[in-house]
>>> print(open('start-v7.txt').read())   # compact mmCIF, C-alpha atoms
# COMPACT_ATOMS: atom_id res chain seq x y z
CA MET K 400 -17.80 -17.74 -29.26
CA THR K 401 -18.43 -14.31 -30.78
CA GLY K 402 -21.73 -14.27 -28.96
CA TRP K 403 -20.08 -14.95 -25.63
CA PHE K 404 -17.45 -12.30 -26.30
CA ALA K 405 -19.94 -9.62 -27.36
CA GLY K 406 -22.42 -10.60 -24.65
CA SER K 407 -19.73 -10.37 -21.97
CA LEU K 408 -18.67 -6.94 -23.22
CA GLU K 409 -22.28 -5.75 -23.17
CA ALA K 410 -22.53 -6.92 -19.57
CA VAL K 411 -19.22 -5.22 -18.77
CA ALA K 412 -20.49 -1.93 -20.24
CA ILE K 413 -23.65 -2.06 -18.14
CA SER K 414 -21.75 -3.13 -14.98
CA ALA K 415 -19.20 -0.36 -15.52
CA SER K 416 -21.99 2.20 -15.96
CA LEU K 417 -23.62 1.06 -12.74
CA ALA K 418 -20.23 1.19 -10.98
CA VAL K 419 -19.69 4.76 -12.21
CA LEU K 420 -23.13 5.81 -10.92
CA THR K 421 -22.32 4.13 -7.59
CA SER K 422 -18.96 5.92 -7.56
CA VAL K 423 -20.67 9.29 -7.92
CA ALA K 424 -22.97 8.46 -5.02
CA VAL K 425 -20.02 7.26 -2.90
CA THR K 426 -18.08 10.46 -3.66
CA LEU K 427 -21.01 12.49 -2.35
CA ILE K 428 -21.64 10.32 0.72
CA VAL K 429 -18.08 9.75 1.98
CA PRO K 430 -17.40 13.36 3.13
CA ARG K 431 -20.63 13.21 5.16
CA VAL K 432 -19.27 10.24 7.10
CA ALA K 433 -16.86 12.72 8.75
CA ALA K 434 -19.74 13.59 11.09
CA VAL K 435 -19.48 10.13 12.73
CA ARG K 436 -17.82 10.67 16.10
CA SER K 437 -15.95 7.37 16.41
CA ALA K 438 -12.92 7.30 14.10
CA ALA K 439 -13.03 3.49 14.01
CA ARG K 440 -16.66 3.49 12.88
CA ARG K 441 -15.81 6.22 10.39
CA ALA K 442 -13.01 4.12 8.93
CA ASP K 443 -15.32 1.08 8.75
CA ALA K 444 -18.01 3.09 6.97
CA VAL K 445 -15.57 4.59 4.45
CA PHE K 446 -14.06 1.15 3.79
CA LEU K 447 -17.45 -0.42 3.06
CA LEU K 448 -18.49 2.54 0.88
CA GLY K 449 -15.18 2.24 -0.96
CA MET K 450 -15.87 -1.42 -1.74
CA LEU K 451 -19.35 -0.63 -3.07
CA PRO K 452 -18.50 0.25 -6.72
CA MET K 453 -16.56 -3.02 -7.06
CA ALA K 454 -19.38 -5.01 -5.47
CA VAL K 455 -21.94 -3.42 -7.79
CA ALA K 456 -19.75 -4.01 -10.86
CA VAL K 457 -19.02 -7.66 -10.09
CA MET K 458 -22.49 -8.60 -8.91
CA SER K 459 -24.30 -6.89 -11.77
CA TRP K 460 -21.97 -8.55 -14.31
CA VAL K 461 -22.66 -11.95 -12.74
CA ALA K 462 -26.41 -11.29 -12.71
CA LEU K 463 -26.36 -10.26 -16.38
CA MET K 464 -24.37 -13.29 -17.51
CA LEU K 465 -26.06 -15.85 -15.29
CA PRO K 466 -29.07 -16.79 -17.49
CA SER K 467 -26.77 -17.63 -20.42
CA VAL K 468 -24.36 -19.56 -18.19
CA LEU K 469 -27.21 -21.55 -16.61
CA HIS K 470 -28.52 -22.45 -20.07
CA VAL K 471 -25.13 -23.69 -21.28
CA THR K 472 -24.59 -25.75 -18.13
CA GLY K 473 -28.04 -27.30 -18.59
CA LEU K 474 -29.38 -26.04 -15.30
CA ARG K 475 -32.06 -23.91 -16.91
CA VAL K 476 -33.57 -23.23 -20.32
CA ASP K 477 -32.70 -19.90 -21.91
CA HIS K 478 -35.42 -17.27 -21.90
CA CYS K 479 -34.72 -15.87 -25.36
CA ASP K 480 -38.09 -16.86 -26.85
CA LEU K 481 -39.86 -14.60 -24.39
CA HIS K 482 -38.02 -11.51 -25.54
CA SER K 483 -39.96 -10.28 -28.51
CA HIS K 484 -41.33 -7.36 -26.49
CA HIS K 485 -38.10 -5.62 -25.38
CA ALA K 486 -34.32 -5.44 -25.66
CA HIS K 487 -32.36 -8.59 -25.02
CA LEU K 488 -29.03 -9.25 -23.29
CA CYS K 489 -27.74 -12.65 -24.25
CA ALA K 490 -24.39 -14.30 -24.75
CA LEU K 491 -25.86 -17.24 -26.66
CA HIS K 492 -27.48 -15.53 -29.60
CA SER K 493 -25.24 -13.15 -31.47
CA GLY K 494 -27.97 -11.63 -33.63
CA GLY K 495 -29.05 -8.78 -31.42
CA HIS K 496 -25.95 -7.29 -29.82
CA HIS K 497 -25.83 -3.56 -29.13
CA VAL K 498 -22.73 -2.20 -30.85
CA THR K 499 -22.49 0.82 -28.56
CA LEU K 500 -22.52 -1.41 -25.50
CA VAL K 501 -19.92 -3.75 -26.97
CA VAL K 502 -17.59 -0.82 -27.75
CA LEU K 503 -18.16 0.71 -24.29
CA GLY K 504 -17.49 -2.67 -22.70
CA ALA K 505 -14.25 -3.10 -24.66
CA LEU K 506 -13.18 0.39 -23.63
CA ALA K 507 -13.93 -0.38 -19.96
CA VAL K 508 -11.87 -3.60 -20.18
CA VAL K 509 -8.90 -1.77 -21.74
CA VAL K 510 -8.99 1.11 -19.24
CA THR K 511 -9.35 -1.26 -16.27
CA GLY K 512 -6.56 -3.44 -17.65
CA LEU K 513 -4.21 -0.46 -17.81
CA ARG K 514 -5.13 0.55 -14.26
CA VAL K 515 -4.57 -3.03 -13.06
CA PHE K 516 -1.13 -3.01 -14.67
CA ARG K 517 -0.22 0.33 -13.09
CA LEU K 518 -1.40 -0.70 -9.62
CA SER K 519 0.26 -4.14 -9.80
CA HIS K 520 3.51 -2.50 -10.88
CA ALA K 521 3.38 0.03 -8.01
CA GLN K 522 2.59 -2.65 -5.44
CA LEU K 523 5.25 -5.07 -6.64
CA LYS K 524 7.82 -2.28 -6.73
CA SER K 525 7.00 -1.05 -3.23
CA THR K 526 7.05 -4.63 -1.91
CA ARG K 527 10.48 -5.18 -3.47
CA LEU K 528 11.85 -1.89 -2.16
CA LEU K 529 10.54 -2.56 1.34
CA SER K 530 12.03 -6.08 1.31
CA GLN K 531 15.40 -4.68 0.22
CA LEU K 532 15.23 -2.07 2.96
CA GLU K 533 14.24 -4.64 5.59
CA ALA K 534 17.14 -6.86 4.51
CA LEU K 535 19.45 -4.10 5.80
CA GLY K 536 17.71 -4.00 9.18
CA LEU K 537 17.23 -6.04 12.31
CA SER K 538 13.94 -7.59 13.37
CA ASP K 539 12.73 -7.62 16.96
CA ASP K 540 9.93 -10.16 17.51
CA GLU K 541 9.24 -9.50 21.18
CA GLY K 542 6.21 -7.22 20.79
CA PRO K 543 2.76 -8.17 19.47
CA PHE K 544 4.12 -7.62 15.95
CA PRO K 545 7.73 -7.71 14.65
CA VAL K 546 9.54 -4.39 14.54
CA VAL K 547 12.18 -4.08 11.82
CA THR K 548 14.69 -1.35 12.58
CA VAL K 549 16.38 -0.14 9.39
CA PRO K 550 19.43 2.08 8.90
CA GLY K 551 19.37 5.46 7.23
CA SER K 552 17.94 8.90 7.89
CA PRO K 553 14.96 9.22 10.26
CA TRP K 554 12.29 9.09 7.56
CA LEU K 555 10.33 5.93 8.03
CA CYS K 556 7.88 4.74 10.61
CA VAL K 557 5.27 2.62 8.91
CA ALA K 558 2.93 -0.27 9.56
CA ALA K 559 3.14 -2.70 6.66
CA GLY K 560 1.84 -6.03 5.44
CA GLY K 561 -1.44 -7.84 5.12
CA LEU K 562 -0.30 -11.35 6.03
CA ARG K 563 3.19 -10.64 7.41
CA ARG K 564 2.27 -7.68 9.55
CA ARG K 565 5.19 -5.68 10.91
CA VAL K 566 6.42 -2.21 11.80
CA VAL K 567 9.33 -0.76 9.82
CA VAL K 568 11.09 2.10 11.56
CA SER K 569 14.29 4.04 10.91
CA GLY K 570 16.63 3.31 13.82
CA SER K 571 17.81 6.91 13.75
CA LEU K 572 14.24 8.10 14.35
CA ALA K 573 13.81 5.84 17.37
CA HIS K 574 17.22 6.85 18.75
CA GLN K 575 16.34 10.53 18.66
CA MET K 576 13.07 10.08 20.53
CA ALA K 577 12.48 9.67 24.26
CA PRO K 578 11.71 6.05 25.25
CA ARG K 579 8.10 6.92 26.23
CA HIS K 580 7.62 8.51 22.81
CA VAL K 581 8.99 5.40 21.10
CA ARG K 582 6.47 3.34 23.09
CA ALA K 583 3.71 5.67 21.91
CA VAL K 584 4.84 5.40 18.27
CA LEU K 585 4.89 1.60 18.47
CA ALA K 586 1.49 1.51 20.18
CA HIS K 587 0.10 3.55 17.30
CA GLU K 588 1.65 1.27 14.67
CA TYR K 589 0.52 -1.87 16.52
CA ALA K 590 -3.00 -0.42 16.48
CA HIS K 591 -2.79 -0.03 12.68
CA LEU K 592 -1.73 -3.65 12.39
CA SER K 593 -4.32 -5.06 14.76
CA ARG K 594 -6.96 -3.09 12.83
CA ASN K 595 -5.53 -4.53 9.55
CA ASP K 596 -5.25 -1.04 8.09
CA PRO K 597 -2.44 -1.88 5.61
CA PHE K 598 -4.48 -4.84 4.30
CA MET K 599 -7.61 -2.70 4.01
CA LYS K 600 -5.65 -0.04 2.14
CA VAL K 601 -4.60 -2.65 -0.41
CA LEU K 602 -8.19 -3.88 -0.76
CA LEU K 603 -9.41 -0.31 -1.21
CA ALA K 604 -6.76 0.31 -3.85
CA TRP K 605 -7.97 -2.70 -5.86
CA ALA K 606 -11.63 -1.83 -5.31
CA GLY K 607 -10.76 1.66 -6.55
CA LEU K 608 -10.11 0.19 -10.00
CA PHE K 609 -13.86 -0.27 -10.36
CA ALA K 610 -14.56 3.35 -9.39
CA VAL K 611 -13.76 6.60 -11.13
CA PRO K 612 -10.29 7.84 -10.04
CA VAL K 613 -11.70 10.81 -8.10
CA THR K 614 -13.83 8.49 -5.99
CA ALA K 615 -10.90 6.18 -5.34
CA ARG K 616 -8.78 9.13 -4.16
CA VAL K 617 -11.57 10.56 -1.95
CA VAL K 618 -12.16 7.15 -0.37
CA GLN K 619 -8.45 6.47 0.23
CA ASP K 620 -7.87 9.92 1.75
CA HIS K 621 -10.85 9.69 4.07
CA PHE K 622 -9.99 6.14 5.07
CA ALA K 623 -6.35 7.07 5.80
CA ASP K 624 -7.53 10.02 7.87
CA ALA K 625 -10.02 7.96 9.88
CA ALA K 626 -7.60 5.03 10.30
CA GLU K 627 -4.91 7.36 11.70
CA GLN K 628 -7.31 8.77 14.25
CA ALA K 629 -8.68 5.32 15.12
CA SER K 630 -5.11 4.11 15.72
CA ASP K 631 -4.41 7.26 17.75
CA ALA K 632 -7.44 6.43 19.90
CA GLU K 633 -6.24 2.88 20.52
CA ALA K 634 -2.67 3.99 21.23
CA ALA K 635 -3.84 6.78 23.55
CA TYR K 636 -5.80 4.19 25.53
CA VAL K 637 -2.54 2.23 26.03
CA VAL K 638 0.10 4.95 26.54
CA GLY K 639 -1.95 8.06 27.35
CA ALA K 640 -3.14 10.82 25.05
CA LEU K 641 -0.50 13.35 26.08
CA ASP K 642 2.45 11.02 25.50
CA LEU K 643 1.06 10.14 22.10
CA ALA K 644 0.45 13.80 21.21
CA GLU K 645 4.01 14.62 22.26
CA SER K 646 5.40 11.75 20.21
CA LEU K 647 3.54 12.99 17.11
CA VAL K 648 5.08 16.43 17.44
CA SER K 649 8.50 15.01 18.29
CA ALA K 650 8.46 12.64 15.29
CA ALA K 651 7.30 15.42 12.95
CA ARG K 652 10.14 17.64 14.15
CA ILE K 653 12.74 14.91 13.54
CA VAL K 654 11.33 13.66 10.24
CA ARG K 655 10.95 17.09 8.65
CA THR K 656 14.67 17.85 9.08
CA GLY K 657 15.67 15.39 6.38
CA VAL K 658 12.50 14.38 4.64
CA PRO K 659 12.69 13.58 0.89
CA ALA K 660 11.27 16.18 -1.48
CA THR K 661 8.17 14.08 -1.98
CA GLY K 662 7.29 14.37 1.67
CA MET K 663 6.27 11.89 4.28
CA ALA K 664 2.58 12.51 3.96
CA PHE K 665 1.33 9.10 2.87
CA GLY K 666 -1.35 7.82 5.13
CA GLY K 667 -0.80 10.58 7.64
CA SER K 668 -3.72 12.86 8.41
CA SER K 669 -3.37 16.46 9.50
CA LEU K 670 -1.04 16.57 12.46
CA GLU K 671 -2.79 19.57 13.99
CA ARG K 672 -6.18 17.90 13.92
CA ARG K 673 -4.82 14.67 15.38
CA VAL K 674 -3.13 16.45 18.28
CA ALA K 675 -6.23 18.57 18.91
CA THR K 676 -8.39 15.42 18.99
CA LEU K 677 -6.03 13.80 21.49
CA LEU K 678 -6.02 16.90 23.72
CA ASP K 679 -9.80 17.13 23.57
CA ASP K 680 -9.87 13.57 24.86
CA VAL K 681 -12.64 12.62 22.47
CA SER K 682 -10.88 9.41 21.50
CA ASP K 683 -13.10 6.38 21.41
CA PRO K 684 -11.03 3.21 20.96
CA ARG K 685 -12.97 0.51 19.15
CA PRO K 686 -11.81 -2.45 17.07
CA SER K 687 -12.27 -2.45 13.33
CA ARG K 688 -15.09 -4.60 12.02
CA ALA K 689 -14.82 -3.56 8.40
CA VAL K 690 -13.15 -6.71 7.05
CA VAL K 691 -15.59 -9.02 8.84
CA LEU K 692 -18.57 -6.88 7.80
CA GLY K 693 -17.29 -6.67 4.23
CA PHE K 694 -16.78 -10.42 4.04
CA GLY K 695 -20.26 -11.02 5.49
CA LEU K 696 -21.87 -8.68 2.97
CA ALA K 697 -19.93 -10.35 0.15
CA VAL K 698 -21.29 -13.74 1.24
CA VAL K 699 -24.83 -12.33 1.44
CA GLY K 700 -24.33 -10.84 -2.03
CA ALA K 701 -23.02 -14.13 -3.41
CA VAL K 702 -26.17 -15.87 -2.19
CA ALA K 703 -28.59 -13.09 -3.09
CA ILE K 704 -27.36 -12.42 -6.62
CA PRO K 705 -28.29 -15.83 -8.08
CA LEU K 706 -31.67 -15.52 -6.42
CA GLY K 707 -32.23 -12.02 -7.76
CA ALA K 708 -30.39 -12.47 -11.07
CA ASP K 709 -33.58 -12.79 -13.11
CA THR K 710 -35.01 -9.59 -11.70
CA ILE K 711 -31.77 -7.67 -12.26
CA HIS K 712 -31.37 -9.12 -15.74
CA HIS K 713 -34.91 -8.24 -16.84
CA THR K 714 -34.81 -4.79 -15.20
CA VAL K 715 -31.65 -3.94 -17.14
CA GLU K 716 -33.19 -5.27 -20.36
CA THR K 717 -36.32 -3.19 -19.80
CA LEU K 718 -34.20 -0.09 -19.17
CA LEU K 719 -32.19 -0.84 -22.31
CA GLY K 720 -35.47 -0.97 -24.19
CA PHE K 721 -36.27 2.55 -23.01
CA PHE K 722 -32.88 3.94 -23.97
CA ALA K 723 -32.51 2.03 -27.24
CA MET L 316 22.76 2.64 -5.93
CA ASN L 317 21.23 -0.82 -6.16
CA PRO L 318 21.29 -3.54 -3.50
CA LEU L 319 24.18 -5.97 -3.94
CA GLY L 320 23.84 -9.29 -5.71
CA ASP L 321 24.92 -12.46 -3.87
CA LEU L 322 28.48 -12.54 -5.20
CA GLU L 323 28.84 -8.77 -4.95
CA ALA L 324 27.83 -8.98 -1.29
CA LEU L 325 30.43 -11.71 -0.67
CA VAL L 326 33.13 -9.64 -2.35
CA MET L 327 32.20 -6.51 -0.40
CA ASP L 328 32.15 -8.52 2.86
CA VAL L 329 35.77 -9.48 2.25
CA ALA L 330 36.73 -6.00 1.04
CA TRP L 331 35.23 -4.37 4.14
CA GLY L 332 37.18 -6.73 6.38
CA HIS L 333 40.62 -6.16 4.86
CA SER L 334 42.94 -3.48 3.58
CA ALA L 335 43.47 -3.01 -0.16
CA LEU L 336 43.30 -6.38 -2.00
CA THR L 337 44.12 -7.63 -5.46
CA VAL L 338 41.64 -9.90 -7.26
CA ARG L 339 43.77 -12.94 -6.45
CA GLU L 340 44.09 -12.02 -2.77
CA LEU L 341 40.36 -11.45 -2.46
CA SER L 342 39.58 -14.75 -4.24
CA SER L 343 41.65 -16.62 -1.68
CA HIS L 344 39.25 -15.45 1.07
CA LEU L 345 36.20 -16.94 -0.67
CA GLU L 346 35.16 -20.49 0.09
CA SER L 347 33.61 -22.24 -2.90
CA GLU L 348 35.33 -23.01 -6.23
CA ARG L 349 32.68 -21.10 -8.19
CA GLU L 350 33.14 -18.02 -6.04
CA ARG L 351 36.91 -18.21 -6.39
CA ALA L 352 36.98 -18.35 -10.20
CA TYR L 353 39.47 -15.59 -11.02
CA THR L 354 37.68 -14.07 -14.00
CA THR L 355 34.31 -14.07 -12.22
CA ILE L 356 35.76 -12.23 -9.23
CA MET L 357 37.63 -9.84 -11.53
CA THR L 358 34.41 -9.01 -13.41
CA THR L 359 32.50 -8.57 -10.17
CA MET L 360 35.13 -6.28 -8.69
CA ASP L 361 35.30 -4.26 -11.88
CA ARG L 362 31.50 -3.87 -11.74
CA LEU L 363 31.68 -2.78 -8.09
CA HIS L 364 34.35 -0.27 -9.07
CA LYS L 365 32.08 1.14 -11.80
CA LYS L 366 29.24 1.34 -9.26
CA GLY L 367 31.47 3.45 -7.05
CA LEU L 368 31.69 0.91 -4.23
CA LEU L 369 35.37 0.02 -4.75
CA THR L 370 38.25 2.32 -5.55
CA ARG L 371 41.39 0.93 -7.18
CA ALA L 372 45.04 1.82 -7.63
CA LYS L 373 47.72 0.20 -9.78
CA ASP L 374 50.15 -2.08 -7.95
CA GLY L 375 52.62 -3.34 -10.53
CA ASN L 376 50.57 -5.15 -13.17
CA ALA L 377 47.57 -5.68 -10.90
CA TRP L 378 44.81 -3.46 -9.55
CA ARG L 379 44.50 -3.18 -5.79
CA TYR L 380 40.89 -2.56 -4.65
CA SER L 381 39.63 -0.81 -1.50
CA PRO L 382 36.08 -0.04 -0.33
CA ALA L 383 35.01 3.47 -1.35
CA MET L 384 32.85 3.73 1.79
CA SER L 385 32.39 1.84 5.03
CA ARG L 386 29.68 -0.79 5.42
CA ASP L 387 27.67 1.61 7.64
CA GLU L 388 27.95 4.41 5.09
CA TYR L 389 26.86 2.08 2.30
CA GLU L 390 23.87 0.78 4.25
CA HIS L 391 22.86 4.29 5.30
CA THR L 392 23.04 5.60 1.71
CA LEU L 393 21.18 2.61 0.30
CA ALA L 394 18.52 2.78 3.02
CA ASP L 395 17.93 6.48 2.34
CA GLN L 396 17.57 5.81 -1.36
CA LEU L 397 15.15 2.93 -0.81
CA ALA L 398 13.13 4.94 1.72
CA ALA L 399 12.89 7.87 -0.68
CA GLU L 400 11.69 5.53 -3.45
CA ILE L 401 9.15 3.92 -1.13
CA VAL L 402 7.76 7.34 -0.31
CA THR L 403 7.68 8.21 -4.03
CA VAL L 404 5.86 5.07 -5.20
CA HIS L 405 3.67 4.73 -2.12
CA GLY L 406 0.56 5.37 -4.24
CA GLU L 407 -1.88 2.68 -3.35
CA VAL L 408 0.43 0.44 -1.37
CA GLY L 409 -0.51 -0.87 2.04
CA LEU L 410 1.53 1.39 4.25
CA ALA L 411 0.46 3.64 7.06
CA ALA L 412 2.97 6.29 8.13
CA PHE L 413 3.07 7.58 11.68
CA VAL L 414 3.11 11.25 10.98
CA ASP L 415 2.46 13.75 8.20
CA ALA L 416 5.66 15.72 8.37
CA ALA L 417 5.29 17.41 5.00
CA SER L 418 2.80 19.91 6.39
CA ALA L 419 4.54 20.39 9.74
CA GLU L 420 5.86 23.94 9.95
CA PRO L 421 8.12 24.79 12.92
CA GLU L 422 5.66 27.47 14.15
CA MET L 423 2.85 24.92 14.15
CA LEU L 424 4.99 22.39 16.03
CA ASP L 425 5.90 25.08 18.62
CA ARG L 426 2.22 25.91 19.06
CA LEU L 427 1.26 22.24 19.45
CA GLU L 428 4.02 21.68 22.00
CA ALA L 429 2.79 24.67 24.00
CA MET L 430 -0.77 23.29 23.92
CA ILE L 431 0.41 19.88 25.15
CA ALA L 432 2.56 21.44 27.90
CA ALA L 433 -0.41 23.54 29.03
CA ARG L 434 -2.58 20.44 29.18
CA ARG L 435 0.06 18.62 31.23
CA GLN L 436 0.05 21.46 33.72
CA GLY L 437 -3.72 21.23 33.96
CA ARG L 438 -4.41 24.58 32.34
>>> encode(input="start-v7.txt", output="structure tokens")
Amino acid sequence: MTGWFAGSLEAVAISASLAVLTSVAVTLIVPRVAAVRSAARRADAVFLLGMLPMAVAVMSWVALMLPSVLHVTGLRVDHCDLHSHHAHLCALHSGGHHVTLVVLGALAVVVTGLRVFRLSHAQLKSTRLLSQLEALGLSDDEGPFPVVTVPGSPWLCVAAGGLRRRVVVSGSLAHQMAPRHVRAVLAHEYAHLSRNDPFMKVLLAWAGLFAVPVTARVVQDHFADAAEQASDAEAAYVVGALDLAESLVSAARIVRTGVPATGMAFGGSSLERRVATLLDDVSDPRPSRAVVLGFGLAVVGAVAIPLGADTIHHTVETLLGFFA
Amino acid sequence: MNPLGDLEALVMDVAWGHSALTVRELSSHLESERERAYTTIMTTMDRLHKKGLLTRAKDGNAWRYSPAMSRDEYEHTLADQLAAEIVTVHGEVGLAAFVDAASAEPEMLDRLEAMIAARRQGR
């Protein structure tokens, strides 16, 4: 049992190190994605890059543990006898564990555990608050997605939900806007929902637990920025770029009159840049393919990792031999 | 201000629909036996008074309770509080807001409106 525990922590330490290296690379690459003209493609690219540290961490951990697991399940004989020539990663034989790796692995587990707790707490709290707010409102199910109109000051206009997708809007905000502007606002929020942006934001938040915090923040900011512009492009295609640009300015004017001290900036990219993009008519409405692509790559990874597990396992062991 | 519990909501529903009521008068408007238990209603109304949702004045030996605010005022205040908290804890939650109003200065909004108007006029 001690062997499994220490072996798992060694694998965690190595997976976490690889995830950190991937994070650094992602942090450097993501800002360069801004050069991609299509906002939808930009959002897709940032989403996939944001998932990369998690994919590397999980897949490398699986690859490192797989030989021991296969031996225990009787599917393959352990390769320990062949390891006299270099370092050895094994959960079955507790003799040769690397103390530094075990400590690093334990530290990674504790830090990730604390981040999981913090994120779970924030998500549960926001879900509860939103439910309580929606309980005060009225739902209109006539559009492509439900629109819940809530009482209170004109602060909120958000797309929410991964499974139960809906728009939550302050009734006072809608009442102060011209009907064509309300249509533009809803078209924008519908675009977020049809693109699954709220769901992807949640996935990115969880994937961010496997990256260094700076990377997670850079990814989330760039994704939010690209997703706003991609939704603008889709909405502009439906209601016209000028109506949408006007509705952005109109909403900003109303919201800023009574906005809470913390601001209303979550998920919203620079207003000036969004309006300028709409006026330049460079919008390029395209559907999001990130979730499908991400799922496809995950399936490919799930098939490829067992096939390449030996290579990954031995490469890591060889590298450990160099650094030992 | 927290959202109302089930019994609190029932009590406030009655209170909002009537003028000042004693505990016994309010209990008589509730349907089930459990809801009408005198001490339960008294405790609930006392709690609502402490929360600032009911005001009370002595009427002989009894307290007479009235809503401290209308239903609309209560819902507006609660909604504002919840919305402010949602904005505060947004962190990594799955929300996408329509507009970034925090950085929207009036001069910038004026300039953007002028740009849009110029584009409408084909300039």
>>> atom_distance(input="start-v7.txt", atom1="CA of Val338 (chain L)", atom2="CA of Ile356 (chain L)")
6.6 Å
>>> atom_distance(input="start-v7.txt", atom1="CA of Ala697 (chain K)", atom2="CA of Ala454 (chain K)")
7.8 Å
>>> residues_around(input="start-v7.txt", residues="Pro550 (chain K)", least_positions_apart="5", cutoff="10 Å", atoms="all atoms listed in the file", output="MDAnalysis selection string")
(chainID K and resid 532:533 535:537 555 568:572) or (chainID L and resid 387:395 398)
>>> closest_residue(input="start-v7.txt", among="L:Gln436, L:Thr355, L:Thr403, L:Asn317", to="chain K", atoms="only C-alpha atoms")
L:Thr403
>>> atom_distance(input="start-v7.txt", atom1="CA of Asp624 (chain K)", atom2="CA of Gly639 (chain K)")
20.4 Å
>>> closest_residue(input="start-v7.txt", among="K:Leu718, K:Ala442, K:Ala433, K:Val567", to="chain L", atoms="all atoms listed in the file")
K:Val567
>>> closest_residue(input="start-v7.txt", among="K:Ala577, K:Val471, K:Ile704, K:Ala615", to="chain L", atoms="all atoms listed in the file")
K:Ala615
>>> residues_near_point(input="start-v7.txt", point="(-25.5, -13.2, -12.1)", cutoff="10 Å", atoms="only C-alpha atoms", output="PyMOL selection string")
chain K and resi 457-469+701+703-709+711-712
>>> residues_around(input="start-v7.txt", residues="Pro452 (chain K)", least_positions_apart="2", cutoff="7 Å", atoms="all atoms listed in the file", output="list in words")
Ala418, Thr421, Ser422, Gly449, Met450, Ala454, Val455, Ala456, Phe609 and Ala610 of chain K
>>> write_last_selection(input="start-v7.txt", atoms="C-alpha atoms", output="CSV table (one decimal), keeping the file's coordinate frame")
chain,number,residue,atom,x,y,z
K,418,ALA,CA,-20.2,1.2,-11.0
K,421,THR,CA,-22.3,4.1,-7.6
K,422,SER,CA,-19.0,5.9,-7.6
K,449,GLY,CA,-15.2,2.2,-1.0
K,450,MET,CA,-15.9,-1.4,-1.7
K,454,ALA,CA,-19.4,-5.0,-5.5
K,455,VAL,CA,-21.9,-3.4,-7.8
K,456,ALA,CA,-19.8,-4.0,-10.9
K,609,PHE,CA,-13.9,-0.3,-10.4
K,610,ALA,CA,-14.6,3.4,-9.4
>>> closest_residue(input="start-v7.txt", among="K:Ala625, K:Ala534, K:Val601, K:Ala640", to="Arg435 (chain L)", atoms="all atoms listed in the file")
K:Ala640
